[in-house]
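Next up, entry12.txt (compact mmCIF, C-alpha atoms):
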```txt
# COMPACT_ATOMS: atom_id res chain seq x y z
CA MET F 1 -2.93 13.13 -22.20
CA ALA F 2 -1.99 10.19 -20.03
CA SER F 3 -5.70 9.58 -19.38
CA TYR F 4 -8.57 11.09 -21.33
CA LEU F 5 -10.76 10.56 -18.24
CA ALA F 6 -8.70 12.84 -16.00
CA THR F 7 -10.86 15.95 -16.36
CA PRO F 8 -14.02 16.99 -14.50
CA SER F 9 -16.08 17.05 -17.72
CA ALA F 10 -14.97 13.59 -18.89
CA THR F 11 -15.54 12.06 -15.46
CA ARG F 12 -18.94 13.66 -15.11
CA ALA F 13 -19.96 12.49 -18.59
CA VAL F 14 -19.05 8.86 -17.83
CA LEU F 15 -20.95 8.89 -14.53
CA GLU F 16 -23.98 10.49 -16.13
CA ARG F 17 -23.95 8.02 -19.01
CA HIS F 18 -24.10 5.13 -16.56
CA GLY F 19 -26.54 6.79 -14.17
CA LEU F 20 -23.96 6.94 -11.39
CA LEU F 21 -23.37 10.64 -10.85
CA LEU F 22 -25.60 11.03 -7.80
CA LYS F 23 -24.67 7.66 -6.33
CA HIS F 24 -20.94 8.35 -6.35
CA ARG F 25 -20.97 12.04 -5.57
CA LEU F 26 -20.60 11.50 -1.82
CA GLY F 27 -18.98 8.09 -1.68
CA GLN F 28 -16.01 8.37 -4.01
CA ASN F 29 -13.51 11.00 -5.08
CA PHE F 30 -12.38 10.86 -8.70
CA LEU F 31 -8.95 12.08 -9.78
CA VAL F 32 -9.46 14.78 -12.44
CA ASN F 33 -5.95 16.17 -13.04
CA ASP F 34 -4.02 14.48 -15.82
CA ALA F 35 -0.73 15.97 -14.58
CA ILE F 36 -1.07 13.81 -11.44
CA ILE F 37 -1.71 10.73 -13.57
CA GLU F 38 1.45 11.54 -15.56
CA LYS F 39 3.48 11.82 -12.33
CA ILE F 40 2.15 8.48 -11.09
CA ILE F 41 3.08 6.79 -14.36
CA ALA F 42 6.54 8.41 -14.27
CA LEU F 43 7.13 7.03 -10.76
CA ALA F 44 5.75 3.58 -11.56
CA GLU F 45 7.58 3.19 -14.89
CA PRO F 46 5.26 0.50 -16.29
CA ALA F 47 6.78 -1.21 -19.30
CA ALA F 48 5.22 -2.81 -22.35
CA GLY F 49 4.46 -6.43 -21.54
CA GLU F 50 4.78 -5.89 -17.79
CA HIS F 51 1.93 -7.00 -15.55
CA VAL F 52 0.45 -4.46 -13.11
CA LEU F 53 -2.01 -4.92 -10.26
CA GLU F 54 -4.49 -2.10 -9.63
CA VAL F 55 -6.81 -2.06 -6.62
CA GLY F 56 -9.87 0.19 -6.81
CA PRO F 57 -9.77 1.26 -10.48
CA GLY F 58 -13.05 3.21 -10.21
CA ILE F 59 -14.08 4.37 -13.68
CA GLY F 60 -10.62 3.57 -15.09
CA THR F 61 -8.88 6.95 -14.92
CA LEU F 62 -5.51 5.46 -13.95
CA THR F 63 -6.21 2.15 -15.69
CA VAL F 64 -6.38 3.87 -19.08
CA ALA F 65 -2.92 5.34 -18.55
CA LEU F 66 -1.45 2.02 -17.39
CA LEU F 67 -2.86 0.24 -20.43
CA GLY F 68 -1.59 3.07 -22.63
CA SER F 69 1.95 2.27 -21.48
CA GLY F 70 1.64 -1.18 -23.02
CA ALA F 71 1.36 -2.98 -19.69
CA SER F 72 -1.34 -5.50 -18.91
CA VAL F 73 -3.49 -4.84 -15.83
CA THR F 74 -5.35 -6.96 -13.32
CA ALA F 75 -7.83 -4.66 -11.59
CA ILE F 76 -9.73 -5.56 -8.42
CA GLU F 77 -12.96 -3.60 -7.93
CA ALA F 78 -15.39 -4.06 -5.04
CA ASP F 79 -18.16 -1.79 -6.38
CA PRO F 80 -20.54 -3.93 -8.50
CA THR F 81 -21.70 -0.88 -10.48
CA LEU F 82 -18.27 -0.14 -11.95
CA PRO F 83 -17.30 -3.17 -14.11
CA ALA F 84 -19.72 -2.02 -16.82
CA VAL F 85 -18.09 1.41 -16.74
CA LEU F 86 -14.59 -0.08 -17.02
CA ALA F 87 -15.69 -2.22 -19.96
CA GLU F 88 -16.55 1.00 -21.79
CA THR F 89 -13.75 3.31 -20.70
CA CYS F 90 -10.98 0.73 -21.23
CA ALA F 91 -12.45 -0.82 -24.37
CA ARG F 92 -9.58 0.22 -26.63
CA ASP F 93 -7.07 -1.91 -24.72
CA GLY F 94 -9.58 -4.26 -23.13
CA GLU F 95 -7.73 -7.39 -24.17
CA ARG F 96 -4.95 -6.47 -21.71
CA LEU F 97 -7.33 -5.81 -18.80
CA ALA F 98 -8.45 -8.58 -16.44
CA LEU F 99 -11.09 -7.52 -13.93
CA ILE F 100 -11.70 -9.25 -10.61
CA GLU F 101 -14.90 -8.23 -8.85
CA GLY F 102 -14.55 -8.39 -5.08
CA ASP F 103 -12.77 -7.24 -1.95
CA ALA F 104 -8.99 -7.04 -2.47
CA LEU F 105 -8.44 -8.11 1.14
CA LYS F 106 -10.24 -11.39 0.40
CA VAL F 107 -8.73 -12.12 -3.00
CA ASP F 108 -6.00 -14.80 -3.12
CA LEU F 109 -3.27 -12.50 -4.42
CA ALA F 110 -0.68 -15.27 -4.41
CA ALA F 111 -2.73 -17.09 -7.05
CA LEU F 112 -2.83 -14.21 -9.56
CA ASP F 113 -1.71 -15.38 -13.00
CA PRO F 114 0.27 -13.79 -14.43
CA ALA F 115 1.90 -12.65 -11.23
CA PRO F 116 2.11 -8.84 -11.08
CA ALA F 117 5.43 -7.01 -11.04
CA LYS F 118 3.96 -3.75 -9.74
CA LEU F 119 1.07 -2.40 -7.70
CA VAL F 120 -0.11 0.95 -9.08
CA SER F 121 -3.29 2.26 -7.50
CA ASN F 122 -5.33 5.12 -6.16
CA LEU F 123 -6.24 3.01 -3.14
CA PRO F 124 -9.45 3.08 -1.11
CA TYR F 125 -8.21 5.13 1.83
CA GLN F 126 -9.88 3.15 4.61
CA VAL F 127 -7.96 -0.04 3.74
CA ALA F 128 -4.92 1.37 1.94
CA ALA F 129 -2.29 0.55 4.56
CA THR F 130 -3.54 -3.01 4.98
CA ILE F 131 -3.61 -3.63 1.22
CA ILE F 132 -0.04 -2.37 0.69
CA LEU F 133 1.42 -4.68 3.33
CA LYS F 134 -0.71 -7.62 2.15
CA VAL F 135 0.49 -7.27 -1.44
CA PHE F 136 4.15 -7.18 -0.40
CA GLU F 137 3.61 -10.21 1.85
CA ASP F 138 1.56 -12.30 -0.58
CA VAL F 139 3.04 -11.41 -3.98
CA PRO F 140 6.78 -12.21 -4.08
CA SER F 141 6.97 -11.16 -7.74
CA LEU F 142 6.14 -7.56 -6.78
CA THR F 143 9.10 -5.24 -7.28
CA ARG F 144 7.42 -1.86 -6.72
CA ALA F 145 4.28 -0.20 -5.40
CA VAL F 146 3.20 3.30 -6.42
CA VAL F 147 0.10 4.16 -4.43
CA MET F 148 -2.10 7.15 -3.68
CA VAL F 149 -2.98 7.21 0.01
CA GLN F 150 -4.10 9.66 2.66
CA ALA F 151 -1.19 11.94 3.54
CA GLU F 152 -1.02 10.74 7.14
CA VAL F 153 -0.72 7.13 5.91
CA ALA F 154 2.13 8.24 3.65
CA ASP F 155 3.75 9.77 6.74
CA ARG F 156 3.50 6.43 8.54
CA ILE F 157 4.93 4.55 5.58
CA ALA F 158 7.96 6.85 5.32
CA ALA F 159 8.50 7.54 9.04
CA LYS F 160 11.91 7.23 10.66
CA PRO F 161 12.61 5.67 14.08
CA GLY F 162 12.03 8.15 16.88
CA SER F 163 9.39 10.14 15.01
CA LYS F 164 5.74 10.39 16.06
CA ALA F 165 4.49 8.67 12.89
CA TYR F 166 6.84 5.67 13.27
CA GLY F 167 5.05 2.59 14.53
CA ALA F 168 4.49 -1.13 14.12
CA TYR F 169 3.14 -0.71 10.60
CA THR F 170 6.22 1.25 9.48
CA ALA F 171 8.59 -1.35 10.88
CA LYS F 172 6.70 -4.29 9.36
CA LEU F 173 6.50 -2.71 5.90
CA ALA F 174 10.23 -1.91 6.09
CA LEU F 175 10.92 -5.66 6.25
CA PHE F 176 9.82 -5.80 2.60
CA GLY F 177 10.65 -2.47 0.98
CA ARG F 178 11.83 1.11 1.24
CA VAL F 179 10.32 4.41 0.19
CA THR F 180 12.02 5.79 -2.94
CA GLY F 181 9.65 8.58 -3.95
CA ARG F 182 6.74 10.75 -2.82
CA PHE F 183 4.70 13.73 -3.94
CA GLU F 184 1.69 15.52 -2.45
CA VAL F 185 -1.77 15.68 -4.01
CA GLY F 186 -4.14 18.39 -2.80
CA PRO F 187 -7.94 18.04 -2.52
CA GLY F 188 -8.50 20.24 -5.60
CA ASN F 189 -7.25 17.46 -7.86
CA PHE F 190 -10.37 15.40 -7.17
CA MET F 191 -14.07 15.58 -7.93
CA PRO F 192 -15.57 16.17 -5.45
CA PRO F 193 -12.65 17.48 -3.35
CA PRO F 194 -12.03 15.23 -0.30
CA HIS F 195 -11.63 16.60 3.20
CA VAL F 196 -8.12 15.17 3.55
CA ASP F 197 -4.76 15.69 1.88
CA SER F 198 -3.34 12.89 -0.21
CA ALA F 199 0.10 11.73 -1.29
CA VAL F 200 1.57 9.30 -3.80
CA VAL F 201 4.33 7.08 -2.43
CA ARG F 202 6.69 4.76 -4.26
CA ILE F 203 7.97 1.72 -2.35
CA ASP F 204 10.58 -0.50 -3.97
CA ARG F 205 11.05 -4.04 -2.74
CA ALA F 206 14.27 -4.15 -0.73
CA PRO F 207 13.78 -6.95 1.80
CA LEU F 208 15.67 -7.01 5.06
CA VAL F 209 14.89 -10.72 5.45
CA ASP F 210 13.18 -13.48 3.51
CA ALA F 211 9.39 -13.74 3.58
CA GLU F 212 9.32 -16.59 6.11
CA THR F 213 11.54 -14.68 8.53
CA ALA F 214 9.44 -11.54 8.09
CA LEU F 215 6.38 -13.45 9.30
CA ARG F 216 8.30 -14.43 12.45
CA VAL F 217 9.53 -10.89 13.07
CA ALA F 218 6.08 -9.31 12.71
CA PRO F 219 4.69 -10.62 16.05
CA VAL F 220 7.78 -9.27 17.82
CA ILE F 221 7.15 -5.84 16.33
CA ASP F 222 3.46 -5.98 17.27
CA ALA F 223 4.29 -6.93 20.85
CA ALA F 224 6.89 -4.18 21.17
CA PHE F 225 4.38 -1.53 20.07
CA ALA F 226 1.35 -3.06 21.82
CA GLN F 227 1.66 -0.64 24.72
CA ARG F 228 3.53 2.24 23.17
CA ARG F 229 3.91 4.28 26.35
CA LYS F 230 5.59 1.43 28.19
CA THR F 231 9.18 0.29 27.92
CA ILE F 232 9.81 -2.38 25.32
CA ARG F 233 10.36 -4.98 28.08
CA ASN F 234 7.06 -4.23 29.79
CA SER F 235 5.13 -4.05 26.53
CA MET F 236 6.47 -7.37 25.25
CA SER F 237 6.10 -9.19 28.56
CA ALA F 238 2.48 -7.99 28.75
CA SER F 239 2.01 -9.57 25.33
CA GLY F 240 3.17 -12.96 26.59
CA PHE F 241 6.95 -12.97 26.07
CA ASP F 242 8.95 -14.52 28.92
CA LYS F 243 10.85 -11.88 30.88
CA GLY F 244 13.93 -14.05 31.22
CA ALA F 245 14.08 -14.68 27.47
CA LEU F 246 13.52 -10.98 26.85
CA ASP F 247 16.40 -9.97 29.12
CA ALA F 248 18.74 -12.45 27.45
CA ALA F 249 17.70 -11.27 23.98
CA PHE F 250 18.05 -7.58 24.88
CA ALA F 251 21.55 -8.21 26.22
CA ALA F 252 22.55 -10.16 23.11
CA CYS F 253 21.33 -7.33 20.85
CA GLY F 254 22.58 -4.42 22.93
CA ILE F 255 19.03 -3.09 23.37
CA ALA F 256 18.19 -1.36 26.64
CA PRO F 257 15.13 -2.97 28.28
CA THR F 258 14.01 0.55 29.19
CA ALA F 259 13.96 1.66 25.55
CA ARG F 260 10.68 2.30 23.82
CA ALA F 261 9.71 0.52 20.63
CA GLU F 262 9.63 3.66 18.49
CA THR F 263 13.37 4.16 19.00
CA LEU F 264 14.30 0.83 17.38
CA ALA F 265 15.08 0.54 13.67
CA PRO F 266 13.53 -2.32 11.68
CA GLU F 267 16.92 -4.05 11.56
CA GLN F 268 16.97 -4.15 15.37
CA PHE F 269 13.61 -5.91 15.45
CA VAL F 270 15.05 -8.54 13.10
CA GLN F 271 17.99 -9.03 15.46
CA LEU F 272 15.68 -9.14 18.49
CA ALA F 273 13.44 -11.80 16.91
CA ALA F 274 16.47 -13.97 16.15
CA ALA F 275 17.82 -13.52 19.68
CA LEU F 276 14.46 -14.45 21.18
CA GLU F 277 14.36 -17.64 19.13
CA ALA F 278 17.84 -18.50 20.37
CA ALA F 279 16.88 -17.74 23.98
CA CYS F 280 13.79 -19.97 23.97
```
Can you present the structure in this file as structure tokens?
Amino acid sequence: MASYLATPSATRAVLERHGLLLKHRLGQNFLVNDAIIEKIIALAEPAAGEHVLEVGPGIGTLTVALLGSGASVTAIEADPTLPAVLAETCARDGERLALIEGDALKVDLAALDPAPAKLVSNLPYQVAATIILKVFEDVPSLTRAVVMVQAEVADRIAAKPGSKAYGAYTAKLALFGRVTGRFEVGPGNFMPPPHVDSAVVRIDRAPLVDAETALRVAPVIDAAFAQRRKTIRNSMSASGFDKGALDAAFAACGIAPTARAETLAPEQFVQLAAALEAAC
């Protein structure tokens, strides 16, 4: 098995042993299918000696498999009841596990030492999209993310220009990486089964621009999508961009002012940001 914890009986036993079964029954969904863990590890390809970041390790179901690959893991866990569980479940390879207790959105990821090469996580769904983008922005050493997210978030991550799911988030994430793998995970693979479908997505770093430029392009993307039903000119001008500068930039890039943001590829937003800087 990739993870000895990836069964309903093993998960239930750990929760009962720590007096957590009732507490977590409604608030957390535990992955209990080892075949899914194996597929995650196959996509992530953790190597012996490699450093992996995991956000939301829970009771350690995925952590055990990552450590079993020979990688070292920094795990960030917000639930104060779970570090004691992780100390038990990951005891065999505990010397290669560093645990940070706290909110991943507040942790200084750039200061992690050693710097992680990969993010491999069954992410907390309510903050998954934000965490993925933050890690790519803040951790330049990151080469790959393999993450379990809600299926509709996976759709947004992988969306193409012109599709309903394509939006500001898709375009901003595309500045840093591209989707290179995906598989679906149904509710029956969890205990208890969630009310949503899930998916695992692999994103490999493949930057369109350097990190500093990406930070300058992001506000342009946000402004373009701020009022999605409006033309890109009207949406961006409503967000404070000068109409004269916009017209000059659109002309320089060959973008119709009447276009809508969802029709533009990430590369076009990079061009537009550069043209706007030149026009101002």
- Residue nearest Ala256 of chain F - candidates F:Lys243, F:Ala98, F:Ile232, F:Lys160, atoms counted: only C-alpha atoms: F:Ile232
- Min atom-atom distance to Ala145 of chain F from the set F:Arg92, F:Arg260, F:Arg205, F:Arg229, counting all atoms listed in the file, belongs to F:Arg205
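We find atom CA of Lys172 of chain F and atom CA of Lys230 of chain F to be spaced 19.7 Å apart.
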- Who sits within 12 Å of Arg17 of chain F, only C-alpha atoms, same chain under 3 positions skipped, as number ranges by chain: F: 10-14, 20-22, 59, 84-85, 88-89
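With all atoms listed in the file as the atoms that count, the minimum distance from Gly167 of chain F to the choices F:Gly240, F:Pro266, F:Pro46, F:Pro80 is reached by F:Pro266.
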- Note on the structure: As a check of understanding: the span from atom CA of Glu45 of chain F to atom CA of Tyr166 of chain F is 28.3 Å
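Nearest residue to Phe269 of chain F among F:Met148, F:Ala171, F:Ile40, F:Leu99 is F:Ala171, counting all atoms listed in the file.
Every protein or nucleic acid residue with an atom no more than 10 Å from Ala117 of chain F, counting all atoms listed in the file and leaving out same-chain residues fewer than 6 positions away, appears here: F:Pro46, F:Glu50, F:His51, F:Val52, F:Leu53, F:Val139, F:Pro140, F:Ser141, F:Leu142, F:Thr143, F:Arg144, F:Ala145.
Atom CA of Ala71 of chain F lies 14.4 Å from atom CA of Asp113 of chain F.
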